[in-house]
$ cat coords.cif   # mmCIF, N, CA and C atoms
data_query
#
loop_
_atom_site.label_atom_id
_atom_site.label_comp_id
_atom_site.auth_asym_id
_atom_site.auth_seq_id
_atom_site.Cartn_x
_atom_site.Cartn_y
_atom_site.Cartn_z
N MET A 222 -11.23 -17.41 9.81
CA MET A 222 -10.38 -17.38 8.62
C MET A 222 -9.60 -16.08 8.62
N ALA A 223 -8.32 -16.17 8.36
CA ALA A 223 -7.46 -14.99 8.34
C ALA A 223 -7.70 -14.18 7.07
N VAL A 224 -7.61 -12.88 7.23
CA VAL A 224 -7.79 -11.98 6.11
C VAL A 224 -6.40 -11.69 5.52
N SER A 225 -6.28 -11.81 4.21
CA SER A 225 -4.99 -11.60 3.56
C SER A 225 -4.65 -10.11 3.52
N LEU A 226 -3.40 -9.82 3.31
CA LEU A 226 -2.94 -8.44 3.19
C LEU A 226 -3.66 -7.76 2.04
N GLU A 227 -3.79 -8.47 0.92
CA GLU A 227 -4.47 -7.90 -0.25
C GLU A 227 -5.92 -7.53 0.10
N GLN A 228 -6.60 -8.39 0.84
CA GLN A 228 -7.99 -8.10 1.23
C GLN A 228 -8.07 -6.87 2.13
N GLN A 229 -7.10 -6.73 3.03
CA GLN A 229 -7.07 -5.58 3.91
C GLN A 229 -6.84 -4.29 3.12
N VAL A 230 -5.90 -4.34 2.17
CA VAL A 230 -5.59 -3.18 1.35
C VAL A 230 -6.81 -2.80 0.51
N VAL A 231 -7.45 -3.79 -0.08
CA VAL A 231 -8.63 -3.54 -0.92
C VAL A 231 -9.75 -2.92 -0.09
N ALA A 232 -9.92 -3.36 1.14
CA ALA A 232 -10.96 -2.80 2.00
C ALA A 232 -10.70 -1.32 2.27
N VAL A 233 -9.46 -0.95 2.52
CA VAL A 233 -9.10 0.45 2.74
C VAL A 233 -9.33 1.24 1.46
N MET A 234 -8.91 0.68 0.34
CA MET A 234 -9.08 1.36 -0.94
C MET A 234 -10.55 1.59 -1.26
N ALA A 235 -11.39 0.59 -1.01
CA ALA A 235 -12.82 0.71 -1.29
C ALA A 235 -13.43 1.85 -0.50
N CYS A 236 -13.00 1.98 0.73
CA CYS A 236 -13.51 3.06 1.59
C CYS A 236 -13.07 4.42 1.05
N CYS A 237 -11.82 4.56 0.71
CA CYS A 237 -11.28 5.85 0.25
C CYS A 237 -11.80 6.25 -1.11
N LEU A 238 -11.96 5.29 -1.99
CA LEU A 238 -12.34 5.58 -3.37
C LEU A 238 -13.85 5.48 -3.60
N SER A 239 -14.58 5.13 -2.55
CA SER A 239 -16.03 4.95 -2.65
C SER A 239 -16.40 4.02 -3.80
N VAL A 240 -15.73 2.87 -3.82
CA VAL A 240 -15.92 1.87 -4.86
C VAL A 240 -16.19 0.53 -4.18
N GLU A 241 -17.03 -0.29 -4.79
CA GLU A 241 -17.27 -1.64 -4.27
C GLU A 241 -15.99 -2.46 -4.37
N GLU A 242 -15.73 -3.27 -3.36
CA GLU A 242 -14.52 -4.09 -3.35
C GLU A 242 -14.43 -4.98 -4.59
N ALA A 243 -15.56 -5.44 -5.10
CA ALA A 243 -15.58 -6.31 -6.27
C ALA A 243 -14.97 -5.64 -7.50
N LYS A 244 -15.04 -4.32 -7.56
CA LYS A 244 -14.47 -3.59 -8.70
C LYS A 244 -12.96 -3.39 -8.58
N LEU A 245 -12.41 -3.68 -7.42
CA LEU A 245 -10.99 -3.47 -7.19
C LEU A 245 -10.18 -4.71 -7.53
N GLN A 246 -10.26 -5.09 -8.77
CA GLN A 246 -9.48 -6.23 -9.28
C GLN A 246 -8.02 -5.78 -9.42
N PRO A 247 -7.07 -6.71 -9.32
CA PRO A 247 -5.65 -6.33 -9.37
C PRO A 247 -5.26 -5.47 -10.57
N GLN A 248 -5.83 -5.74 -11.72
CA GLN A 248 -5.45 -5.01 -12.93
C GLN A 248 -6.19 -3.68 -13.10
N ALA A 249 -7.15 -3.40 -12.23
CA ALA A 249 -7.94 -2.17 -12.35
C ALA A 249 -7.06 -0.94 -12.17
N ARG A 250 -7.12 -0.03 -13.13
CA ARG A 250 -6.33 1.19 -13.11
C ARG A 250 -7.06 2.24 -12.27
N LEU A 251 -6.34 2.80 -11.32
CA LEU A 251 -6.95 3.70 -10.35
C LEU A 251 -7.58 4.93 -10.98
N VAL A 252 -6.87 5.57 -11.89
CA VAL A 252 -7.36 6.81 -12.48
C VAL A 252 -8.25 6.53 -13.69
N ASP A 253 -7.79 5.69 -14.60
CA ASP A 253 -8.49 5.46 -15.86
C ASP A 253 -9.79 4.68 -15.72
N GLU A 254 -9.82 3.70 -14.80
CA GLU A 254 -11.00 2.85 -14.67
C GLU A 254 -11.83 3.15 -13.43
N LEU A 255 -11.15 3.52 -12.34
CA LEU A 255 -11.87 3.76 -11.09
C LEU A 255 -12.09 5.25 -10.85
N TYR A 256 -11.55 6.08 -11.72
CA TYR A 256 -11.75 7.54 -11.70
C TYR A 256 -11.33 8.19 -10.39
N ALA A 257 -10.24 7.69 -9.81
CA ALA A 257 -9.71 8.29 -8.58
C ALA A 257 -9.02 9.60 -8.92
N ASP A 258 -9.29 10.62 -8.11
CA ASP A 258 -8.60 11.89 -8.32
C ASP A 258 -7.44 11.99 -7.33
N SER A 259 -6.67 13.05 -7.44
CA SER A 259 -5.46 13.19 -6.63
C SER A 259 -5.76 13.25 -5.13
N MET A 260 -6.84 13.88 -4.74
CA MET A 260 -7.19 13.96 -3.32
C MET A 260 -7.58 12.59 -2.78
N GLU A 261 -8.31 11.82 -3.57
CA GLU A 261 -8.68 10.46 -3.13
C GLU A 261 -7.43 9.59 -2.99
N LEU A 262 -6.49 9.73 -3.92
CA LEU A 262 -5.27 8.95 -3.84
C LEU A 262 -4.45 9.34 -2.62
N LEU A 263 -4.39 10.63 -2.34
CA LEU A 263 -3.66 11.09 -1.17
C LEU A 263 -4.32 10.57 0.11
N ASP A 264 -5.64 10.67 0.19
CA ASP A 264 -6.37 10.13 1.35
C ASP A 264 -6.12 8.64 1.50
N MET A 265 -6.11 7.92 0.39
CA MET A 265 -5.88 6.48 0.41
C MET A 265 -4.50 6.17 0.99
N VAL A 266 -3.50 6.90 0.52
CA VAL A 266 -2.13 6.67 1.00
C VAL A 266 -2.03 6.98 2.50
N LEU A 267 -2.62 8.06 2.92
CA LEU A 267 -2.57 8.43 4.34
C LEU A 267 -3.27 7.37 5.20
N LEU A 268 -4.40 6.88 4.74
CA LEU A 268 -5.11 5.85 5.50
C LEU A 268 -4.35 4.53 5.51
N LEU A 269 -3.73 4.17 4.38
CA LEU A 269 -2.91 2.96 4.34
C LEU A 269 -1.73 3.09 5.31
N ASN A 270 -1.11 4.26 5.35
CA ASN A 270 -0.01 4.50 6.29
C ASN A 270 -0.47 4.28 7.72
N ASP A 271 -1.62 4.85 8.07
CA ASP A 271 -2.16 4.71 9.42
C ASP A 271 -2.55 3.27 9.73
N GLU A 272 -3.23 2.64 8.78
CA GLU A 272 -3.75 1.29 8.98
C GLU A 272 -2.63 0.26 9.18
N PHE A 273 -1.54 0.41 8.43
CA PHE A 273 -0.48 -0.61 8.45
C PHE A 273 0.78 -0.15 9.18
N GLY A 274 0.80 1.09 9.66
CA GLY A 274 1.99 1.58 10.37
C GLY A 274 3.19 1.69 9.46
N ILE A 275 2.96 2.11 8.22
CA ILE A 275 4.03 2.23 7.23
C ILE A 275 4.14 3.67 6.77
N GLU A 276 5.07 3.93 5.88
CA GLU A 276 5.26 5.28 5.36
C GLU A 276 5.38 5.23 3.84
N ILE A 277 4.23 5.31 3.18
CA ILE A 277 4.21 5.45 1.73
C ILE A 277 4.28 6.95 1.48
N GLY A 278 5.29 7.39 0.75
CA GLY A 278 5.47 8.81 0.50
C GLY A 278 4.56 9.32 -0.60
N VAL A 279 4.37 10.63 -0.59
CA VAL A 279 3.56 11.26 -1.62
C VAL A 279 4.16 11.00 -3.00
N ASP A 280 5.49 10.95 -3.08
CA ASP A 280 6.16 10.68 -4.35
C ASP A 280 5.81 9.30 -4.90
N ASP A 281 5.51 8.36 -4.03
CA ASP A 281 5.15 7.00 -4.46
C ASP A 281 3.83 6.98 -5.21
N ILE A 282 2.96 7.95 -4.94
CA ILE A 282 1.64 7.98 -5.58
C ILE A 282 1.77 8.04 -7.09
N VAL A 283 2.78 8.75 -7.57
CA VAL A 283 2.97 8.92 -9.01
C VAL A 283 3.17 7.58 -9.71
N ASP A 284 3.85 6.65 -9.04
CA ASP A 284 4.17 5.36 -9.63
C ASP A 284 3.05 4.33 -9.48
N ILE A 285 2.08 4.61 -8.63
CA ILE A 285 1.00 3.66 -8.38
C ILE A 285 -0.07 3.82 -9.45
N LYS A 286 -0.26 2.78 -10.25
CA LYS A 286 -1.22 2.84 -11.36
C LYS A 286 -2.41 1.91 -11.18
N THR A 287 -2.19 0.75 -10.55
CA THR A 287 -3.26 -0.24 -10.44
C THR A 287 -3.44 -0.68 -8.99
N VAL A 288 -4.49 -1.42 -8.75
CA VAL A 288 -4.74 -1.99 -7.43
C VAL A 288 -3.57 -2.89 -7.04
N ALA A 289 -3.07 -3.67 -7.96
CA ALA A 289 -1.93 -4.54 -7.68
C ALA A 289 -0.71 -3.74 -7.25
N HIS A 290 -0.48 -2.58 -7.89
CA HIS A 290 0.65 -1.72 -7.49
C HIS A 290 0.50 -1.27 -6.05
N VAL A 291 -0.70 -0.91 -5.65
CA VAL A 291 -0.93 -0.47 -4.27
C VAL A 291 -0.57 -1.60 -3.32
N CYS A 292 -1.04 -2.80 -3.60
CA CYS A 292 -0.75 -3.96 -2.76
C CYS A 292 0.75 -4.22 -2.68
N GLN A 293 1.45 -4.09 -3.81
CA GLN A 293 2.89 -4.31 -3.84
C GLN A 293 3.64 -3.28 -3.00
N VAL A 294 3.22 -2.02 -3.09
CA VAL A 294 3.88 -0.96 -2.32
C VAL A 294 3.66 -1.19 -0.82
N VAL A 295 2.44 -1.54 -0.42
CA VAL A 295 2.17 -1.81 0.98
C VAL A 295 3.01 -2.98 1.47
N GLU A 296 3.05 -4.04 0.68
CA GLU A 296 3.84 -5.22 1.06
C GLU A 296 5.32 -4.88 1.20
N ARG A 297 5.84 -4.09 0.26
CA ARG A 297 7.26 -3.69 0.30
C ARG A 297 7.55 -2.83 1.53
N ARG A 298 6.67 -1.88 1.83
CA ARG A 298 6.87 -1.01 3.00
C ARG A 298 6.77 -1.81 4.31
N LEU A 299 5.87 -2.77 4.36
CA LEU A 299 5.78 -3.63 5.54
C LEU A 299 7.06 -4.44 5.72
N ALA A 300 7.59 -4.97 4.63
CA ALA A 300 8.83 -5.74 4.69
C ALA A 300 9.99 -4.86 5.16
N GLU A 301 10.02 -3.61 4.68
CA GLU A 301 11.07 -2.67 5.10
C GLU A 301 10.96 -2.39 6.59
N ARG A 302 9.72 -2.21 7.06
CA ARG A 302 9.50 -1.93 8.49
C ARG A 302 9.94 -3.11 9.34
N VAL A 303 9.62 -4.31 8.91
CA VAL A 303 10.01 -5.52 9.65
C VAL A 303 11.54 -5.63 9.67
N ALA A 304 12.18 -5.34 8.54
CA ALA A 304 13.64 -5.41 8.47
C ALA A 304 14.28 -4.41 9.43
N GLN A 305 13.69 -3.23 9.55
CA GLN A 305 14.22 -2.21 10.47
C GLN A 305 14.05 -2.62 11.92
N LEU A 306 12.98 -3.33 12.21
CA LEU A 306 12.70 -3.75 13.58
C LEU A 306 13.40 -5.04 13.97
N SER A 307 13.95 -5.72 12.98
CA SER A 307 14.57 -7.02 13.22
C SER A 307 15.80 -6.88 14.11
N PRO A 308 15.95 -7.78 15.10
CA PRO A 308 17.14 -7.73 15.96
C PRO A 308 18.40 -8.17 15.22
N LEU A 309 18.24 -8.67 14.01
CA LEU A 309 19.39 -9.11 13.23
C LEU A 309 19.81 -8.06 12.23
N GLY A 310 19.69 -6.81 12.60
CA GLY A 310 20.05 -5.69 11.73
C GLY A 310 21.54 -5.59 11.52
N SER A 311 21.98 -4.55 10.83
CA SER A 311 23.39 -4.39 10.48
C SER A 311 24.26 -4.21 11.70
N ASP A 312 23.78 -3.56 12.78
CA ASP A 312 24.59 -3.36 13.97
C ASP A 312 24.94 -4.69 14.62
N CYS A 313 23.98 -5.59 14.63
CA CYS A 313 24.20 -6.89 15.25
C CYS A 313 25.26 -7.67 14.48
N GLY A 314 25.22 -7.61 13.17
CA GLY A 314 26.20 -8.32 12.36
C GLY A 314 27.59 -7.78 12.54
N SER A 315 27.77 -6.47 12.65
CA SER A 315 29.09 -5.90 12.82
C SER A 315 29.62 -6.17 14.21
N ALA A 316 28.73 -6.23 15.22
CA ALA A 316 29.14 -6.54 16.58
C ALA A 316 29.63 -7.97 16.65
N ALA A 317 28.98 -8.87 15.96
CA ALA A 317 29.37 -10.28 15.98
C ALA A 317 30.71 -10.47 15.30
N SER A 318 30.97 -9.73 14.22
CA SER A 318 32.21 -9.92 13.50
C SER A 318 33.39 -9.31 14.23
N SER A 319 33.13 -8.32 15.12
CA SER A 319 34.24 -7.71 15.85
C SER A 319 34.54 -8.44 17.14
N ALA A 320 33.69 -9.38 17.52
CA ALA A 320 33.89 -10.10 18.79
C ALA A 320 34.93 -11.16 18.69
#

$ encode --input "coords.cif" --output "structure tokens"
Amino acid sequence: MAVSLEQQVVAVMACCLSVEEAKLQPQARLVDELYADSMELLDMVLLLNDEFGIEIGVDDIVDIKTVAHVCQVVERRLAERVAQLSPLGSDCGSAASSA
């Protein structure tokens, strides 16, 4: 059975935050309910970057409030990475229109 992106993100979060995966419900607030501190959040972001080959910036941490937010940011960064790697990028489109 394939593991979903959300399950992968939750597994990384559980490791970084020293929390059982069952407590990492989408609506769970990282600071208020899971008591994550700034160092744990930074470690989590760095590990997510390594695990998924993405670049979540330190500035993004400020906007991340819940488990669902973390999943959304990872998904968005993965989509951005795929778009950058796509052979149908902007250069290809301009080359086709000039031909």

$ closest_residue --input "coords.cif" --among "A:Glu296, A:Tyr256, A:Ser307, A:Lys244" --to "A:Glu276" --atoms "only C-alpha atoms"
A:Glu296

$ residues_around --input "coords.cif" --residues "A:Leu269" --least-positions-apart "6" --cutoff "8 Å" --atoms "all atoms listed in the file" --output "PDB file with N, CA and C atoms, keeping the file's coordinate frame"
ATOM      1  N   VAL A 230      -5.900  -4.340   2.170  1.00  0.00           N
ATOM      2  CA  VAL A 230      -5.590  -3.180   1.350  1.00  0.00           C
ATOM      3  C   VAL A 230      -6.810  -2.800   0.510  1.00  0.00           C
ATOM      4  N   VAL A 233      -9.460  -0.950   2.520  1.00  0.00           N
ATOM      5  CA  VAL A 233      -9.100   0.450   2.740  1.00  0.00           C
ATOM      6  C   VAL A 233      -9.330   1.240   1.460  1.00  0.00           C
ATOM      7  N   MET A 234      -8.910   0.680   0.340  1.00  0.00           N
ATOM      8  CA  MET A 234      -9.080   1.360  -0.940  1.00  0.00           C
ATOM      9  C   MET A 234     -10.550   1.590  -1.260  1.00  0.00           C
ATOM     10  N   LEU A 263      -4.390  10.630  -2.340  1.00  0.00           N
ATOM     11  CA  LEU A 263      -3.660  11.090  -1.170  1.00  0.00           C
ATOM     12  C   LEU A 263      -4.320  10.570   0.110  1.00  0.00           C
ATOM     13  N   ILE A 275       2.960   2.110   8.220  1.00  0.00           N
ATOM     14  CA  ILE A 275       4.030   2.230   7.230  1.00  0.00           C
ATOM     15  C   ILE A 275       4.140   3.670   6.770  1.00  0.00           C
ATOM     16  N   GLU A 276       5.070   3.930   5.880  1.00  0.00           N
ATOM     17  CA  GLU A 276       5.260   5.280   5.360  1.00  0.00           C
ATOM     18  C   GLU A 276       5.380   5.230   3.840  1.00  0.00           C
ATOM     19  N   ILE A 277       4.230   5.310   3.180  1.00  0.00           N
ATOM     20  CA  ILE A 277       4.210   5.450   1.730  1.00  0.00           C
ATOM     21  C   ILE A 277       4.280   6.950   1.480  1.00  0.00           C
ATOM     22  N   VAL A 295       2.440  -1.540  -0.420  1.00  0.00           N
ATOM     23  CA  VAL A 295       2.170  -1.810   0.980  1.00  0.00           C
ATOM     24  C   VAL A 295       3.010  -2.980   1.470  1.00  0.00           C
TER      25      VAL A 295
END

$ atom_distance --input "coords.cif" --atom1 "atom CA of A:Glu261" --atom2 "atom CA of A:Val303"
27.7 Å

$ atom_distance --input "coords.cif" --atom1 "atom CA of A:Arg250" --atom2 "atom CA of A:Asn270"
20.7 Å

$ select_by_dssp --input "coords.cif" --residues "chain A" --states "alpha helix (DSSP H)" --output "PyMOL selection string"
chain A and resi 226-238+259-273+279-284+288-306+311-319

$ resolve_selection --input "coords.cif" --expression "the PyMOL selection byres (((chain A and resi 236 and name CA) around 12) and name CA)" --output "ChimeraX atom specification"
/A:229-235,237-242,245,261-262,264-266,268-269

$ write_last_selection --input "coords.cif" --atoms "N, CA and C atoms" --output "short mmCIF file (atom, residue, chain, number, x, y, z; two decimals), keeping the file's coordinate frame"
data_model
loop_
_atom_site.label_atom_id
_atom_site.label_comp_id
_atom_site.auth_asym_id
_atom_site.auth_seq_id
_atom_site.Cartn_x
_atom_site.Cartn_y
_atom_site.Cartn_z
N GLN A 229 -7.10 -6.73 3.03
CA GLN A 229 -7.07 -5.58 3.91
C GLN A 229 -6.84 -4.29 3.12
N VAL A 230 -5.90 -4.34 2.17
CA VAL A 230 -5.59 -3.18 1.35
C VAL A 230 -6.81 -2.80 0.51
N VAL A 231 -7.45 -3.79 -0.08
CA VAL A 231 -8.63 -3.54 -0.92
C VAL A 231 -9.75 -2.92 -0.09
N ALA A 232 -9.92 -3.36 1.14
CA ALA A 232 -10.96 -2.80 2.00
C ALA A 232 -10.70 -1.32 2.27
N VAL A 233 -9.46 -0.95 2.52
CA VAL A 233 -9.10 0.45 2.74
C VAL A 233 -9.33 1.24 1.46
N MET A 234 -8.91 0.68 0.34
CA MET A 234 -9.08 1.36 -0.94
C MET A 234 -10.55 1.59 -1.26
N ALA A 235 -11.39 0.59 -1.01
CA ALA A 235 -12.82 0.71 -1.29
C ALA A 235 -13.43 1.85 -0.50
N CYS A 237 -11.82 4.56 0.71
CA CYS A 237 -11.28 5.85 0.25
C CYS A 237 -11.80 6.25 -1.11
N LEU A 238 -11.96 5.29 -1.99
CA LEU A 238 -12.34 5.58 -3.37
C LEU A 238 -13.85 5.48 -3.60
N SER A 239 -14.58 5.13 -2.55
CA SER A 239 -16.03 4.95 -2.65
C SER A 239 -16.40 4.02 -3.80
N VAL A 240 -15.73 2.87 -3.82
CA VAL A 240 -15.92 1.87 -4.86
C VAL A 240 -16.19 0.53 -4.18
N GLU A 241 -17.03 -0.29 -4.79
CA GLU A 241 -17.27 -1.64 -4.27
C GLU A 241 -15.99 -2.46 -4.37
N GLU A 242 -15.73 -3.27 -3.36
CA GLU A 242 -14.52 -4.09 -3.35
C GLU A 242 -14.43 -4.98 -4.59
N LEU A 245 -12.41 -3.68 -7.42
CA LEU A 245 -10.99 -3.47 -7.19
C LEU A 245 -10.18 -4.71 -7.53
N GLU A 261 -8.31 11.82 -3.57
CA GLU A 261 -8.68 10.46 -3.13
C GLU A 261 -7.43 9.59 -2.99
N LEU A 262 -6.49 9.73 -3.92
CA LEU A 262 -5.27 8.95 -3.84
C LEU A 262 -4.45 9.34 -2.62
N ASP A 264 -5.64 10.67 0.19
CA ASP A 264 -6.37 10.13 1.35
C ASP A 264 -6.12 8.64 1.50
N MET A 265 -6.11 7.92 0.39
CA MET A 265 -5.88 6.48 0.41
C MET A 265 -4.50 6.17 0.99
N VAL A 266 -3.50 6.90 0.52
CA VAL A 266 -2.13 6.67 1.00
C VAL A 266 -2.03 6.98 2.50
N LEU A 268 -4.40 6.88 4.74
CA LEU A 268 -5.11 5.85 5.50
C LEU A 268 -4.35 4.53 5.51
N LEU A 269 -3.73 4.17 4.38
CA LEU A 269 -2.91 2.96 4.34
C LEU A 269 -1.73 3.09 5.31
#

$ atom_distance --input "coords.cif" --atom1 "atom CA of A:Asp258" --atom2 "atom CA of A:Ile282"
11.3 Å

$ closest_residue --input "coords.cif" --among "A:Leu299, A:Leu251, A:Val291, A:Ala304" --to "A:Glu227" --atoms "only C-alpha atoms"
A:Val291

$ residues_around --input "coords.cif" --residues "A:Ala289" --least-positions-apart "3" --cutoff "9 Å" --atoms "only C-alpha atoms" --output "mmCIF file with N, CA and C atoms, in the coordinates of the input"
data_model
loop_
_atom_site.group_PDB
_atom_site.id
_atom_site.type_symbol
_atom_site.label_atom_id
_atom_site.label_comp_id
_atom_site.auth_asym_id
_atom_site.auth_seq_id
_atom_site.Cartn_x
_atom_site.Cartn_y
_atom_site.Cartn_z
ATOM 1 N N GLU A 227 -3.790 -8.470 0.920
ATOM 2 C CA GLU A 227 -4.470 -7.900 -0.250
ATOM 3 C C GLU A 227 -5.920 -7.530 0.100
ATOM 4 N N GLN A 246 -10.260 -5.090 -8.770
ATOM 5 C CA GLN A 246 -9.480 -6.230 -9.280
ATOM 6 C C GLN A 246 -8.020 -5.780 -9.420
ATOM 7 N N PRO A 247 -7.070 -6.710 -9.320
ATOM 8 C CA PRO A 247 -5.650 -6.330 -9.370
ATOM 9 C C PRO A 247 -5.260 -5.470 -10.570
ATOM 10 N N GLN A 248 -5.830 -5.740 -11.720
ATOM 11 C CA GLN A 248 -5.450 -5.010 -12.930
ATOM 12 C C GLN A 248 -6.190 -3.680 -13.100
ATOM 13 N N ALA A 249 -7.150 -3.400 -12.230
ATOM 14 C CA ALA A 249 -7.940 -2.170 -12.350
ATOM 15 C C ALA A 249 -7.060 -0.940 -12.170
ATOM 16 N N ILE A 285 2.080 4.610 -8.630
ATOM 17 C CA ILE A 285 1.000 3.660 -8.380
ATOM 18 C C ILE A 285 -0.070 3.820 -9.450
ATOM 19 N N LYS A 286 -0.260 2.780 -10.250
ATOM 20 C CA LYS A 286 -1.220 2.840 -11.360
ATOM 21 C C LYS A 286 -2.410 1.910 -11.180
ATOM 22 N N CYS A 292 -1.040 -2.800 -3.600
ATOM 23 C CA CYS A 292 -0.750 -3.960 -2.760
ATOM 24 C C CYS A 292 0.750 -4.220 -2.680
ATOM 25 N N GLN A 293 1.450 -4.090 -3.810
ATOM 26 C CA GLN A 293 2.890 -4.310 -3.840
ATOM 27 C C GLN A 293 3.640 -3.280 -3.000
ATOM 28 N N VAL A 294 3.220 -2.020 -3.090
ATOM 29 C CA VAL A 294 3.880 -0.960 -2.320
ATOM 30 C C VAL A 294 3.660 -1.190 -0.820
#
